[in-house]
file model-v5.cif (mmCIF, N, CA and C atoms)
data_work
#
loop_
_atom_site.label_atom_id
_atom_site.label_comp_id
_atom_site.auth_asym_id
_atom_site.auth_seq_id
_atom_site.Cartn_x
_atom_site.Cartn_y
_atom_site.Cartn_z
N MET A 1007 62.35 -185.43 -168.57
CA MET A 1007 62.87 -185.88 -169.83
C MET A 1007 63.70 -187.16 -169.64
N ILE A 1008 64.48 -187.23 -168.57
CA ILE A 1008 65.24 -188.44 -168.27
C ILE A 1008 64.28 -189.60 -168.03
N ALA A 1009 63.17 -189.34 -167.35
CA ALA A 1009 62.17 -190.38 -167.11
C ALA A 1009 61.59 -190.90 -168.42
N VAL A 1010 61.40 -190.01 -169.40
CA VAL A 1010 60.88 -190.43 -170.71
C VAL A 1010 61.89 -191.33 -171.41
N LEU A 1011 63.17 -190.94 -171.40
CA LEU A 1011 64.21 -191.78 -172.02
C LEU A 1011 64.27 -193.16 -171.37
N THR A 1012 64.17 -193.19 -170.05
CA THR A 1012 64.17 -194.47 -169.33
C THR A 1012 62.95 -195.30 -169.71
N ALA A 1013 61.79 -194.66 -169.77
CA ALA A 1013 60.54 -195.37 -170.08
C ALA A 1013 60.55 -195.99 -171.47
N ILE A 1014 61.22 -195.35 -172.42
CA ILE A 1014 61.25 -195.91 -173.78
C ILE A 1014 62.49 -196.79 -174.02
N GLY A 1015 63.26 -197.01 -172.95
CA GLY A 1015 64.36 -197.95 -173.02
C GLY A 1015 65.64 -197.42 -173.66
N ILE A 1016 65.86 -196.13 -173.58
CA ILE A 1016 67.09 -195.57 -174.14
C ILE A 1016 68.17 -195.65 -173.06
N GLN A 1017 69.20 -196.39 -173.32
CA GLN A 1017 70.29 -196.56 -172.36
C GLN A 1017 71.33 -195.45 -172.45
N GLU A 1018 71.59 -194.98 -173.68
CA GLU A 1018 72.63 -193.98 -173.86
C GLU A 1018 72.36 -193.16 -175.11
N VAL A 1019 72.58 -191.85 -175.01
CA VAL A 1019 72.46 -190.94 -176.14
C VAL A 1019 73.74 -190.13 -176.19
N GLU A 1020 74.37 -190.07 -177.36
CA GLU A 1020 75.62 -189.33 -177.50
C GLU A 1020 75.46 -188.20 -178.52
N TYR A 1021 75.92 -187.02 -178.12
CA TYR A 1021 75.90 -185.83 -178.98
C TYR A 1021 77.32 -185.32 -179.15
N SER A 1022 77.58 -184.71 -180.30
CA SER A 1022 78.82 -183.96 -180.46
C SER A 1022 78.44 -182.49 -180.55
N LEU A 1023 79.31 -181.64 -180.00
CA LEU A 1023 79.10 -180.20 -180.02
C LEU A 1023 80.27 -179.56 -180.77
N ASP A 1024 79.94 -178.63 -181.63
CA ASP A 1024 80.96 -177.94 -182.41
C ASP A 1024 80.58 -176.47 -182.47
N GLY A 1025 81.38 -175.65 -181.83
CA GLY A 1025 81.11 -174.21 -181.81
C GLY A 1025 82.21 -173.46 -182.52
N GLY A 1026 81.87 -172.33 -183.04
CA GLY A 1026 82.84 -171.48 -183.71
C GLY A 1026 82.15 -170.26 -184.23
N GLY A 1027 82.88 -169.15 -184.27
CA GLY A 1027 82.25 -167.91 -184.72
C GLY A 1027 81.16 -167.55 -183.75
N ASP A 1028 80.00 -167.25 -184.25
CA ASP A 1028 78.87 -166.92 -183.38
C ASP A 1028 77.76 -167.96 -183.48
N SER A 1029 78.13 -169.18 -183.85
CA SER A 1029 77.12 -170.22 -183.93
C SER A 1029 77.70 -171.51 -183.38
N GLY A 1030 76.84 -172.42 -183.08
CA GLY A 1030 77.25 -173.73 -182.59
C GLY A 1030 76.27 -174.77 -183.05
N ALA A 1031 76.73 -176.00 -183.10
CA ALA A 1031 75.86 -177.08 -183.56
C ALA A 1031 75.94 -178.25 -182.60
N THR A 1032 74.78 -178.80 -182.29
CA THR A 1032 74.71 -180.06 -181.55
C THR A 1032 74.25 -181.11 -182.55
N THR A 1033 74.97 -182.22 -182.57
CA THR A 1033 74.65 -183.28 -183.52
C THR A 1033 74.44 -184.59 -182.77
N LEU A 1034 73.29 -185.20 -182.98
CA LEU A 1034 72.99 -186.49 -182.38
C LEU A 1034 73.83 -187.55 -183.09
N GLU A 1035 74.73 -188.19 -182.36
CA GLU A 1035 75.65 -189.15 -182.96
C GLU A 1035 75.19 -190.61 -182.82
N ARG A 1036 74.64 -190.93 -181.64
CA ARG A 1036 74.33 -192.34 -181.39
C ARG A 1036 73.25 -192.47 -180.34
N ILE A 1037 72.37 -193.47 -180.55
CA ILE A 1037 71.32 -193.79 -179.58
C ILE A 1037 71.40 -195.29 -179.33
N GLN A 1038 71.63 -195.66 -178.08
CA GLN A 1038 71.75 -197.07 -177.70
C GLN A 1038 70.52 -197.47 -176.88
N HIS A 1039 69.81 -198.50 -177.33
CA HIS A 1039 68.64 -199.02 -176.61
C HIS A 1039 69.12 -200.04 -175.58
N VAL A 1040 68.33 -200.28 -174.54
CA VAL A 1040 68.72 -201.23 -173.49
C VAL A 1040 68.88 -202.65 -174.01
N ASP A 1041 68.21 -202.98 -175.10
CA ASP A 1041 68.33 -204.34 -175.65
C ASP A 1041 69.54 -204.49 -176.57
N GLY A 1042 70.37 -203.45 -176.66
CA GLY A 1042 71.59 -203.52 -177.46
C GLY A 1042 71.48 -202.93 -178.85
N ARG A 1043 70.26 -202.67 -179.30
CA ARG A 1043 70.09 -202.07 -180.63
C ARG A 1043 70.62 -200.65 -180.65
N VAL A 1044 71.19 -200.26 -181.78
CA VAL A 1044 71.58 -198.87 -182.00
C VAL A 1044 70.50 -198.27 -182.90
N LEU A 1045 69.83 -197.25 -182.40
CA LEU A 1045 68.74 -196.63 -183.13
C LEU A 1045 69.26 -195.49 -183.99
N GLU A 1046 68.60 -195.24 -185.10
CA GLU A 1046 69.01 -194.17 -186.01
C GLU A 1046 68.47 -192.81 -185.60
N LYS A 1047 67.30 -192.80 -184.95
CA LYS A 1047 66.73 -191.53 -184.52
C LYS A 1047 65.86 -191.76 -183.30
N LEU A 1048 65.59 -190.67 -182.61
CA LEU A 1048 64.71 -190.73 -181.44
C LEU A 1048 63.26 -190.81 -181.90
N PRO A 1049 62.43 -191.48 -181.11
CA PRO A 1049 61.00 -191.50 -181.47
C PRO A 1049 60.40 -190.10 -181.34
N ARG A 1050 59.40 -189.82 -182.17
CA ARG A 1050 58.74 -188.51 -182.13
C ARG A 1050 57.72 -188.53 -181.00
N ILE A 1051 58.18 -188.04 -179.84
CA ILE A 1051 57.33 -188.01 -178.65
C ILE A 1051 57.16 -186.57 -178.20
N PRO A 1052 55.91 -186.09 -178.10
CA PRO A 1052 55.71 -184.74 -177.59
C PRO A 1052 55.97 -184.71 -176.09
N ILE A 1053 56.73 -183.71 -175.65
CA ILE A 1053 57.09 -183.57 -174.24
C ILE A 1053 56.32 -182.44 -173.58
N GLY A 1054 55.89 -181.49 -174.35
CA GLY A 1054 55.17 -180.34 -173.81
C GLY A 1054 54.60 -179.51 -174.95
N ILE A 1055 54.14 -178.33 -174.60
CA ILE A 1055 53.55 -177.40 -175.56
C ILE A 1055 54.35 -176.10 -175.51
N ASP A 1056 54.74 -175.57 -176.68
CA ASP A 1056 55.48 -174.31 -176.70
C ASP A 1056 54.51 -173.13 -176.60
N GLY A 1057 55.05 -171.91 -176.59
CA GLY A 1057 54.23 -170.70 -176.43
C GLY A 1057 53.20 -170.50 -177.52
N GLY A 1058 53.42 -171.11 -178.70
CA GLY A 1058 52.48 -170.97 -179.81
C GLY A 1058 51.45 -172.08 -179.86
N GLY A 1059 51.45 -172.96 -178.85
CA GLY A 1059 50.48 -174.06 -178.81
C GLY A 1059 50.90 -175.28 -179.61
N ARG A 1060 52.13 -175.29 -180.10
CA ARG A 1060 52.63 -176.44 -180.86
C ARG A 1060 53.33 -177.43 -179.92
N PRO A 1061 53.31 -178.70 -180.25
CA PRO A 1061 53.99 -179.68 -179.39
C PRO A 1061 55.49 -179.48 -179.41
N TYR A 1062 56.11 -179.63 -178.25
CA TYR A 1062 57.56 -179.56 -178.11
C TYR A 1062 58.04 -181.00 -178.04
N MET A 1063 58.87 -181.39 -179.01
CA MET A 1063 59.24 -182.79 -179.18
C MET A 1063 60.49 -183.16 -178.38
N LEU A 1064 60.63 -184.44 -178.06
CA LEU A 1064 61.75 -184.96 -177.29
C LEU A 1064 63.09 -184.57 -177.89
N GLU A 1065 63.24 -184.71 -179.20
CA GLU A 1065 64.51 -184.41 -179.85
C GLU A 1065 64.90 -182.94 -179.67
N ALA A 1066 63.95 -182.03 -179.80
CA ALA A 1066 64.22 -180.60 -179.62
C ALA A 1066 64.61 -180.30 -178.17
N LEU A 1067 63.94 -180.94 -177.23
CA LEU A 1067 64.25 -180.74 -175.82
C LEU A 1067 65.66 -181.23 -175.51
N LEU A 1068 66.03 -182.39 -176.04
CA LEU A 1068 67.38 -182.91 -175.83
C LEU A 1068 68.44 -182.00 -176.45
N ASP A 1069 68.18 -181.49 -177.65
CA ASP A 1069 69.11 -180.55 -178.29
C ASP A 1069 69.34 -179.34 -177.40
N ASP A 1070 68.28 -178.78 -176.85
CA ASP A 1070 68.39 -177.62 -175.97
C ASP A 1070 69.15 -177.96 -174.69
N LEU A 1071 68.84 -179.11 -174.10
CA LEU A 1071 69.51 -179.54 -172.88
C LEU A 1071 71.01 -179.71 -173.11
N VAL A 1072 71.36 -180.39 -174.20
CA VAL A 1072 72.77 -180.65 -174.51
C VAL A 1072 73.52 -179.35 -174.75
N ALA A 1073 72.91 -178.39 -175.42
CA ALA A 1073 73.56 -177.11 -175.68
C ALA A 1073 73.82 -176.34 -174.39
N ASP A 1074 72.98 -176.55 -173.37
CA ASP A 1074 73.13 -175.82 -172.10
C ASP A 1074 73.98 -176.55 -171.06
N LEU A 1075 74.32 -177.81 -171.27
CA LEU A 1075 75.06 -178.57 -170.27
C LEU A 1075 76.50 -178.10 -170.04
N PRO A 1076 77.28 -177.77 -171.06
CA PRO A 1076 78.66 -177.35 -170.80
C PRO A 1076 78.68 -176.08 -169.94
N GLU A 1077 79.64 -176.03 -168.99
CA GLU A 1077 79.72 -174.88 -168.09
C GLU A 1077 80.34 -173.66 -168.76
N GLY A 1078 81.20 -173.85 -169.74
CA GLY A 1078 81.84 -172.73 -170.42
C GLY A 1078 81.09 -172.35 -171.68
N ASP A 1079 81.50 -171.23 -172.25
CA ASP A 1079 80.90 -170.77 -173.51
C ASP A 1079 81.57 -171.51 -174.66
N TRP A 1080 80.93 -172.54 -175.16
CA TRP A 1080 81.52 -173.37 -176.21
C TRP A 1080 81.20 -172.84 -177.60
N VAL A 1081 80.38 -171.81 -177.68
CA VAL A 1081 79.93 -171.31 -178.98
C VAL A 1081 80.63 -170.02 -179.39
N ASN A 1082 80.42 -168.96 -178.67
CA ASN A 1082 80.80 -167.61 -179.10
C ASN A 1082 82.30 -167.38 -179.16
N ASN A 1083 82.81 -167.34 -180.38
CA ASN A 1083 84.17 -166.95 -180.71
C ASN A 1083 85.28 -167.87 -180.22
N GLU A 1084 85.03 -168.78 -179.32
CA GLU A 1084 86.09 -169.66 -178.87
C GLU A 1084 86.16 -170.96 -179.66
N GLY A 1085 85.10 -171.35 -180.30
CA GLY A 1085 85.12 -172.56 -181.10
C GLY A 1085 85.31 -173.81 -180.27
N GLY A 1086 84.64 -173.88 -179.13
CA GLY A 1086 84.73 -175.07 -178.29
C GLY A 1086 84.12 -176.27 -178.99
N TYR A 1087 84.53 -177.45 -178.54
CA TYR A 1087 84.00 -178.68 -179.13
C TYR A 1087 84.06 -179.80 -178.11
N GLY A 1088 83.30 -180.85 -178.34
CA GLY A 1088 83.34 -181.98 -177.43
C GLY A 1088 82.16 -182.91 -177.63
N THR A 1089 81.99 -183.78 -176.63
CA THR A 1089 80.90 -184.75 -176.67
C THR A 1089 80.15 -184.72 -175.34
N ILE A 1090 78.89 -185.06 -175.44
CA ILE A 1090 78.05 -185.22 -174.25
C ILE A 1090 77.32 -186.55 -174.39
N VAL A 1091 77.42 -187.35 -173.35
CA VAL A 1091 76.73 -188.64 -173.33
C VAL A 1091 75.72 -188.59 -172.19
N ILE A 1092 74.47 -188.93 -172.53
CA ILE A 1092 73.40 -188.99 -171.53
C ILE A 1092 73.09 -190.46 -171.28
N ARG A 1093 73.16 -190.84 -170.00
CA ARG A 1093 72.87 -192.22 -169.58
C ARG A 1093 71.70 -192.18 -168.58
N PRO A 1094 70.47 -192.30 -169.08
CA PRO A 1094 69.29 -192.11 -168.22
C PRO A 1094 69.17 -193.09 -167.05
N PHE A 1095 69.77 -194.27 -167.15
CA PHE A 1095 69.62 -195.26 -166.10
C PHE A 1095 70.61 -195.08 -164.95
N GLU A 1096 71.53 -194.14 -165.06
CA GLU A 1096 72.51 -193.87 -164.00
C GLU A 1096 71.91 -192.94 -162.96
N ASP A 1097 72.24 -193.17 -161.70
CA ASP A 1097 71.69 -192.35 -160.62
C ASP A 1097 72.49 -191.08 -160.36
N GLU A 1098 73.80 -191.14 -160.49
CA GLU A 1098 74.64 -189.98 -160.20
C GLU A 1098 74.67 -189.04 -161.40
N GLU A 1099 74.51 -187.73 -161.14
CA GLU A 1099 74.40 -186.75 -162.21
C GLU A 1099 75.65 -186.70 -163.08
N ASP A 1100 76.85 -186.81 -162.46
CA ASP A 1100 78.07 -186.73 -163.27
C ASP A 1100 78.27 -187.95 -164.15
N VAL A 1101 77.61 -189.05 -163.85
CA VAL A 1101 77.64 -190.23 -164.72
C VAL A 1101 76.49 -190.18 -165.72
N CYS A 1102 75.36 -189.67 -165.28
CA CYS A 1102 74.18 -189.55 -166.15
C CYS A 1102 74.45 -188.56 -167.28
N PHE A 1103 75.14 -187.47 -166.97
CA PHE A 1103 75.49 -186.45 -167.97
C PHE A 1103 77.01 -186.35 -168.03
N ASP A 1104 77.60 -187.07 -168.95
CA ASP A 1104 79.06 -187.07 -169.12
C ASP A 1104 79.42 -185.99 -170.15
N VAL A 1105 80.00 -184.89 -169.67
CA VAL A 1105 80.34 -183.75 -170.52
C VAL A 1105 81.85 -183.71 -170.69
N ASP A 1106 82.32 -183.84 -171.91
CA ASP A 1106 83.76 -183.80 -172.22
C ASP A 1106 83.98 -182.72 -173.27
N MET A 1107 84.36 -181.53 -172.81
CA MET A 1107 84.49 -180.38 -173.70
C MET A 1107 85.92 -179.87 -173.73
N THR A 1108 86.29 -179.27 -174.85
CA THR A 1108 87.54 -178.56 -175.01
C THR A 1108 87.19 -177.12 -175.38
N TYR A 1109 87.74 -176.19 -174.62
CA TYR A 1109 87.49 -174.78 -174.86
C TYR A 1109 88.76 -174.14 -175.38
N ARG A 1110 88.63 -173.23 -176.31
CA ARG A 1110 89.78 -172.51 -176.84
C ARG A 1110 89.78 -171.10 -176.29
N GLU A 1111 90.96 -170.54 -176.20
CA GLU A 1111 91.09 -169.14 -175.80
C GLU A 1111 90.69 -168.26 -176.97
N GLU A 1112 90.32 -167.03 -176.68
CA GLU A 1112 89.97 -166.07 -177.72
C GLU A 1112 91.10 -166.00 -178.74
N GLY A 1113 90.81 -166.23 -179.99
CA GLY A 1113 91.80 -166.15 -181.06
C GLY A 1113 92.56 -167.44 -181.31
N ASP A 1114 92.37 -168.47 -180.50
CA ASP A 1114 93.07 -169.75 -180.68
C ASP A 1114 92.20 -170.67 -181.52
N TYR A 1115 92.43 -170.67 -182.83
CA TYR A 1115 91.60 -171.45 -183.72
C TYR A 1115 92.37 -172.56 -184.41
N GLY A 1116 93.47 -173.00 -183.81
CA GLY A 1116 94.21 -174.12 -184.38
C GLY A 1116 95.44 -173.67 -185.12
N ASP A 1117 96.02 -174.57 -185.93
CA ASP A 1117 97.28 -174.35 -186.62
C ASP A 1117 97.17 -173.44 -187.83
N ASP A 1118 95.97 -173.12 -188.28
CA ASP A 1118 95.80 -172.29 -189.48
C ASP A 1118 96.37 -170.89 -189.29
N GLU A 1119 96.53 -170.47 -188.05
CA GLU A 1119 96.95 -169.11 -187.77
C GLU A 1119 98.34 -168.82 -188.33
N GLU A 1120 99.22 -169.81 -188.40
CA GLU A 1120 100.58 -169.61 -188.89
C GLU A 1120 100.61 -169.13 -190.34
N GLU A 1121 99.63 -169.50 -191.12
CA GLU A 1121 99.58 -169.09 -192.51
C GLU A 1121 99.43 -167.59 -192.68
N PHE A 1122 98.94 -166.91 -191.65
CA PHE A 1122 98.62 -165.50 -191.77
C PHE A 1122 99.61 -164.59 -191.04
N LEU A 1123 100.75 -165.11 -190.65
CA LEU A 1123 101.74 -164.29 -189.96
C LEU A 1123 102.37 -163.30 -190.92
N ASP A 1124 102.58 -162.08 -190.46
CA ASP A 1124 103.19 -161.03 -191.27
C ASP A 1124 104.70 -161.07 -191.04
N ASP A 1125 105.46 -161.21 -192.09
CA ASP A 1125 106.91 -161.30 -191.99
C ASP A 1125 107.57 -159.94 -192.01
N ASP A 1126 106.82 -158.87 -191.92
CA ASP A 1126 107.33 -157.50 -191.93
C ASP A 1126 108.20 -157.22 -193.15
N ILE A 1127 107.79 -157.69 -194.29
CA ILE A 1127 108.51 -157.42 -195.53
C ILE A 1127 107.89 -156.20 -196.18
N ASP A 1128 108.74 -155.27 -196.51
CA ASP A 1128 108.28 -154.07 -197.21
C ASP A 1128 108.16 -154.44 -198.68
N ASP A 1129 106.95 -154.39 -199.23
CA ASP A 1129 106.73 -154.81 -200.61
C ASP A 1129 107.60 -154.04 -201.60
N ASP A 1130 107.82 -152.75 -201.37
CA ASP A 1130 108.64 -151.95 -202.29
C ASP A 1130 110.09 -152.42 -202.30
N ASP A 1131 110.64 -152.75 -201.13
CA ASP A 1131 112.02 -153.24 -201.05
C ASP A 1131 112.16 -154.58 -201.74
N ALA A 1132 111.18 -155.47 -201.51
CA ALA A 1132 111.25 -156.81 -202.11
C ALA A 1132 111.19 -156.72 -203.62
N ILE A 1133 110.38 -155.85 -204.14
CA ILE A 1133 110.25 -155.71 -205.59
C ILE A 1133 111.51 -155.09 -206.18
N SER A 1134 112.06 -154.07 -205.53
CA SER A 1134 113.23 -153.38 -206.11
C SER A 1134 114.46 -154.26 -206.08
N GLN A 1135 114.60 -155.16 -205.12
CA GLN A 1135 115.76 -156.03 -205.05
C GLN A 1135 115.73 -157.10 -206.12
N ASP A 1136 114.55 -157.61 -206.46
CA ASP A 1136 114.42 -158.70 -207.40
C ASP A 1136 114.09 -158.24 -208.81
N ALA A 1137 113.84 -156.97 -209.02
CA ALA A 1137 113.40 -156.48 -210.32
C ALA A 1137 114.58 -156.34 -211.27
N GLU A 1138 114.33 -156.67 -212.51
CA GLU A 1138 115.34 -156.45 -213.56
C GLU A 1138 115.16 -155.06 -214.11
N VAL A 1139 116.28 -154.45 -214.47
CA VAL A 1139 116.21 -153.12 -215.07
C VAL A 1139 116.10 -153.31 -216.56
N LEU A 1140 115.09 -152.71 -217.13
CA LEU A 1140 114.89 -152.83 -218.59
C LEU A 1140 115.62 -151.68 -219.28
N PRO A 1141 116.27 -151.95 -220.42
CA PRO A 1141 116.97 -150.87 -221.15
C PRO A 1141 116.01 -149.91 -221.77
#

call {"tool": "encode", "arguments": {"input": "model-v5.cif", "output": "structure tokens"}}
result
Amino acid sequence: MIAVLTAIGIQEVEYSLDGGGDSGATTLERIQHVDGRVLEKLPRIPIGIDGGGRPYMLEALLDDLVADLPEGDWVNNEGGYGTIVIRPFEDEEDVCFDVDMTYREEGDYGDDEEEFLDDDIDDDDAISQDAEVLP
């Protein structure tokens, strides 16, 4: 697949990854051609054949590759996020596949959690203290 990207002159491909709950999304953000052009989409190039005899396209293969590159579980319940940049013309793997991910601990979903803290207020006590007595 890297050889195909090199052959068609793709210098850099950038994806963003956003995981949360039990799903995750890979989004193609940018494609840089060796001549400096920024492309809007990858060319429709068949890379192989799937089990049903249908062509497996370059874009689908890259999506699968990008989803598998992070070493941690960026999808299930942790809500990991980050970027992956693929540079096909680089020889070293850590430069060719630049993975920059942030992983969250179980239950760490950002600042929204403060809104749901229980102040241990007994609803009956709060009502009786503020209630007016009607004649």

call {"tool": "atom_distance", "arguments": {"input": "model-v5.cif", "atom1": "atom CA of Leu1048 of chain A", "atom2": "atom N of Ser1022 of chain A"}}
result
14.3 Å

call {"tool": "resolve_selection", "arguments": {"input": "model-v5.cif", "expression": "the PyMOL selection byres ((chain A and resi 1030-1034) around 7)", "output": "mmCIF file with N, CA and C atoms, keeping the file's coordinate frame"}}
result
data_model
loop_
_atom_site.group_PDB
_atom_site.id
_atom_site.type_symbol
_atom_site.label_atom_id
_atom_site.label_comp_id
_atom_site.auth_asym_id
_atom_site.auth_seq_id
_atom_site.Cartn_x
_atom_site.Cartn_y
_atom_site.Cartn_z
ATOM 1 N N GLU A 1020 74.370 -190.070 -177.360
ATOM 2 C CA GLU A 1020 75.620 -189.330 -177.500
ATOM 3 C C GLU A 1020 75.460 -188.200 -178.520
ATOM 4 N N TYR A 1021 75.920 -187.020 -178.120
ATOM 5 C CA TYR A 1021 75.900 -185.830 -178.980
ATOM 6 C C TYR A 1021 77.320 -185.320 -179.150
ATOM 7 N N SER A 1022 77.580 -184.710 -180.300
ATOM 8 C CA SER A 1022 78.820 -183.960 -180.460
ATOM 9 C C SER A 1022 78.440 -182.490 -180.550
ATOM 10 N N LEU A 1023 79.310 -181.640 -180.000
ATOM 11 C CA LEU A 1023 79.100 -180.200 -180.020
ATOM 12 C C LEU A 1023 80.270 -179.560 -180.770
ATOM 13 N N ASP A 1024 79.940 -178.630 -181.630
ATOM 14 C CA ASP A 1024 80.960 -177.940 -182.410
ATOM 15 C C ASP A 1024 80.580 -176.470 -182.470
ATOM 16 N N GLY A 1025 81.380 -175.650 -181.830
ATOM 17 C CA GLY A 1025 81.110 -174.210 -181.810
ATOM 18 C C GLY A 1025 82.210 -173.460 -182.520
ATOM 19 N N GLY A 1026 81.870 -172.330 -183.040
ATOM 20 C CA GLY A 1026 82.840 -171.480 -183.710
ATOM 21 C C GLY A 1026 82.150 -170.260 -184.230
ATOM 22 N N GLY A 1027 82.880 -169.150 -184.270
ATOM 23 C CA GLY A 1027 82.250 -167.910 -184.720
ATOM 24 C C GLY A 1027 81.160 -167.550 -183.750
ATOM 25 N N ASP A 1028 80.000 -167.250 -184.250
ATOM 26 C CA ASP A 1028 78.870 -166.920 -183.380
ATOM 27 C C ASP A 1028 77.760 -167.960 -183.480
ATOM 28 N N SER A 1029 78.130 -169.180 -183.850
ATOM 29 C CA SER A 1029 77.120 -170.220 -183.930
ATOM 30 C C SER A 1029 77.700 -171.510 -183.380
ATOM 31 N N GLU A 1035 74.730 -188.190 -182.360
ATOM 32 C CA GLU A 1035 75.650 -189.150 -182.960
ATOM 33 C C GLU A 1035 75.190 -190.610 -182.820
ATOM 34 N N ARG A 1036 74.640 -190.930 -181.640
ATOM 35 C CA ARG A 1036 74.330 -192.340 -181.390
ATOM 36 C C ARG A 1036 73.250 -192.470 -180.340
ATOM 37 N N ILE A 1037 72.370 -193.470 -180.550
ATOM 38 C CA ILE A 1037 71.320 -193.790 -179.580
ATOM 39 C C ILE A 1037 71.400 -195.290 -179.330
ATOM 40 N N ASP A 1069 68.180 -181.490 -177.650
ATOM 41 C CA ASP A 1069 69.110 -180.550 -178.290
ATOM 42 C C ASP A 1069 69.340 -179.340 -177.400
ATOM 43 N N VAL A 1072 71.360 -180.390 -174.200
ATOM 44 C CA VAL A 1072 72.770 -180.650 -174.510
ATOM 45 C C VAL A 1072 73.520 -179.350 -174.750
ATOM 46 N N ALA A 1073 72.910 -178.390 -175.420
ATOM 47 C CA ALA A 1073 73.560 -177.110 -175.680
ATOM 48 C C ALA A 1073 73.820 -176.340 -174.390
ATOM 49 N N TRP A 1080 80.930 -172.540 -175.160
ATOM 50 C CA TRP A 1080 81.520 -173.370 -176.210
ATOM 51 C C TRP A 1080 81.200 -172.840 -177.600
ATOM 52 N N VAL A 1081 80.380 -171.810 -177.680
ATOM 53 C CA VAL A 1081 79.930 -171.310 -178.980
ATOM 54 C C VAL A 1081 80.630 -170.020 -179.390
ATOM 55 N N ASN A 1082 80.420 -168.960 -178.670
ATOM 56 C CA ASN A 1082 80.800 -167.610 -179.100
ATOM 57 C C ASN A 1082 82.300 -167.380 -179.160
#

call {"tool": "resolve_selection", "arguments": {"input": "model-v5.cif", "expression": "the PyMOL selection byres ((chain A and resi 1106) around 8)", "output": "list in words"}}
result
Pro1076, Tyr1087, Gly1088, Thr1089, Ile1090, Val1091, Phe1103, Asp1104, Val1105, Met1107, Thr1108 and Tyr1109 of chain A

call {"tool": "axis_aligned_box", "arguments": {"input": "model-v5.cif", "around": "segment 1038-1042 of chain A", "padding_each_side": "3 Å", "output": "JSON"}}
result
{"center_x": 70.0, "center_y": -200.1, "center_z": -176.2, "size_x": 9.5, "size_y": 14.8, "size_z": 11.4}

call {"tool": "resolve_selection", "arguments": {"input": "model-v5.cif", "expression": "the PyMOL selection byres ((chain A and resi 1063) around 8)", "output": "ChimeraX atom specification"}}
result
/A:1049-1056,1060-1062,1064-1069

call {"tool": "atom_distance", "arguments": {"input": "model-v5.cif", "atom1": "atom N of Ile1008 of chain A", "atom2": "atom CA of Leu1075 of chain A"}}
result
13.8 Å

call {"tool": "atom_distance", "arguments": {"input": "model-v5.cif", "atom1": "atom N of Ile1016 of chain A", "atom2": "atom CA of Pro1094 of chain A"}}
result
7.5 Å

call {"tool": "select_by_dssp", "arguments": {"input": "model-v5.cif", "residues": "segment 1073-1104 of chain A", "states": "alpha helix (DSSP H)", "output": "list of chain:residue names"}}
result
A:Ala1073, A:Asp1074, A:Glu1099, A:Asp1100, A:Val1101, A:Cys1102

call {"tool": "residues_around", "arguments": {"input": "model-v5.cif", "residues": "Arg1093 of chain A", "least_positions_apart": "4", "cutoff": "8 Å", "atoms": "only C-alpha atoms", "output": "ChimeraX atom specification"}}
result
/A:1017-1019,1101-1103

call {"tool": "select_by_dssp", "arguments": {"input": "model-v5.cif", "residues": "segment 1041-1123 of chain A", "states": "strand (DSSP E)", "output": "MDAnalysis selection string"}}
result
chainID A and resid 1044:1045 1052:1055 1061:1063 1087:1092 1103:1108

call {"tool": "closest_residue", "arguments": {"input": "model-v5.cif", "among": "A:Ala1009, A:Val1040, A:Asp1079, A:Gly1058", "to": "Asp1097 of chain A", "atoms": "only C-alpha atoms"}}
result
A:Ala1009

call {"tool": "build_atoms", "arguments": {"input": "model-v5.cif", "residues": "segment 1073-1080 of chain A", "atoms": "N, CA, C and O atoms", "output": "compact mmCIF listing (two decimals), in the frame of the given file"}}
result
# COMPACT_ATOMS: atom_id res chain seq x y z
N ALA A 1073 72.91 -178.39 -175.42
CA ALA A 1073 73.56 -177.11 -175.68
C ALA A 1073 73.82 -176.34 -174.39
O ALA A 1073 74.78 -175.57 -174.31
N ASP A 1074 72.98 -176.55 -173.37
CA ASP A 1074 73.13 -175.82 -172.10
C ASP A 1074 73.98 -176.55 -171.06
O ASP A 1074 74.36 -175.94 -170.06
N LEU A 1075 74.32 -177.81 -171.27
CA LEU A 1075 75.06 -178.57 -170.27
C LEU A 1075 76.50 -178.10 -170.04
O LEU A 1075 76.95 -178.05 -168.90
N PRO A 1076 77.28 -177.77 -171.06
CA PRO A 1076 78.66 -177.35 -170.80
C PRO A 1076 78.68 -176.08 -169.94
O PRO A 1076 77.88 -175.17 -170.14
N GLU A 1077 79.64 -176.03 -168.99
CA GLU A 1077 79.72 -174.88 -168.09
C GLU A 1077 80.34 -173.66 -168.76
O GLU A 1077 80.04 -172.55 -168.40
N GLY A 1078 81.20 -173.85 -169.74
CA GLY A 1078 81.84 -172.73 -170.42
C GLY A 1078 81.09 -172.35 -171.68
O GLY A 1078 80.17 -173.04 -172.12
N ASP A 1079 81.50 -171.23 -172.25
CA ASP A 1079 80.90 -170.77 -173.51
C ASP A 1079 81.57 -171.51 -174.66
O ASP A 1079 82.67 -171.18 -175.07
N TRP A 1080 80.93 -172.54 -175.16
CA TRP A 1080 81.52 -173.37 -176.21
C TRP A 1080 81.20 -172.84 -177.60
O TRP A 1080 81.71 -173.34 -178.59
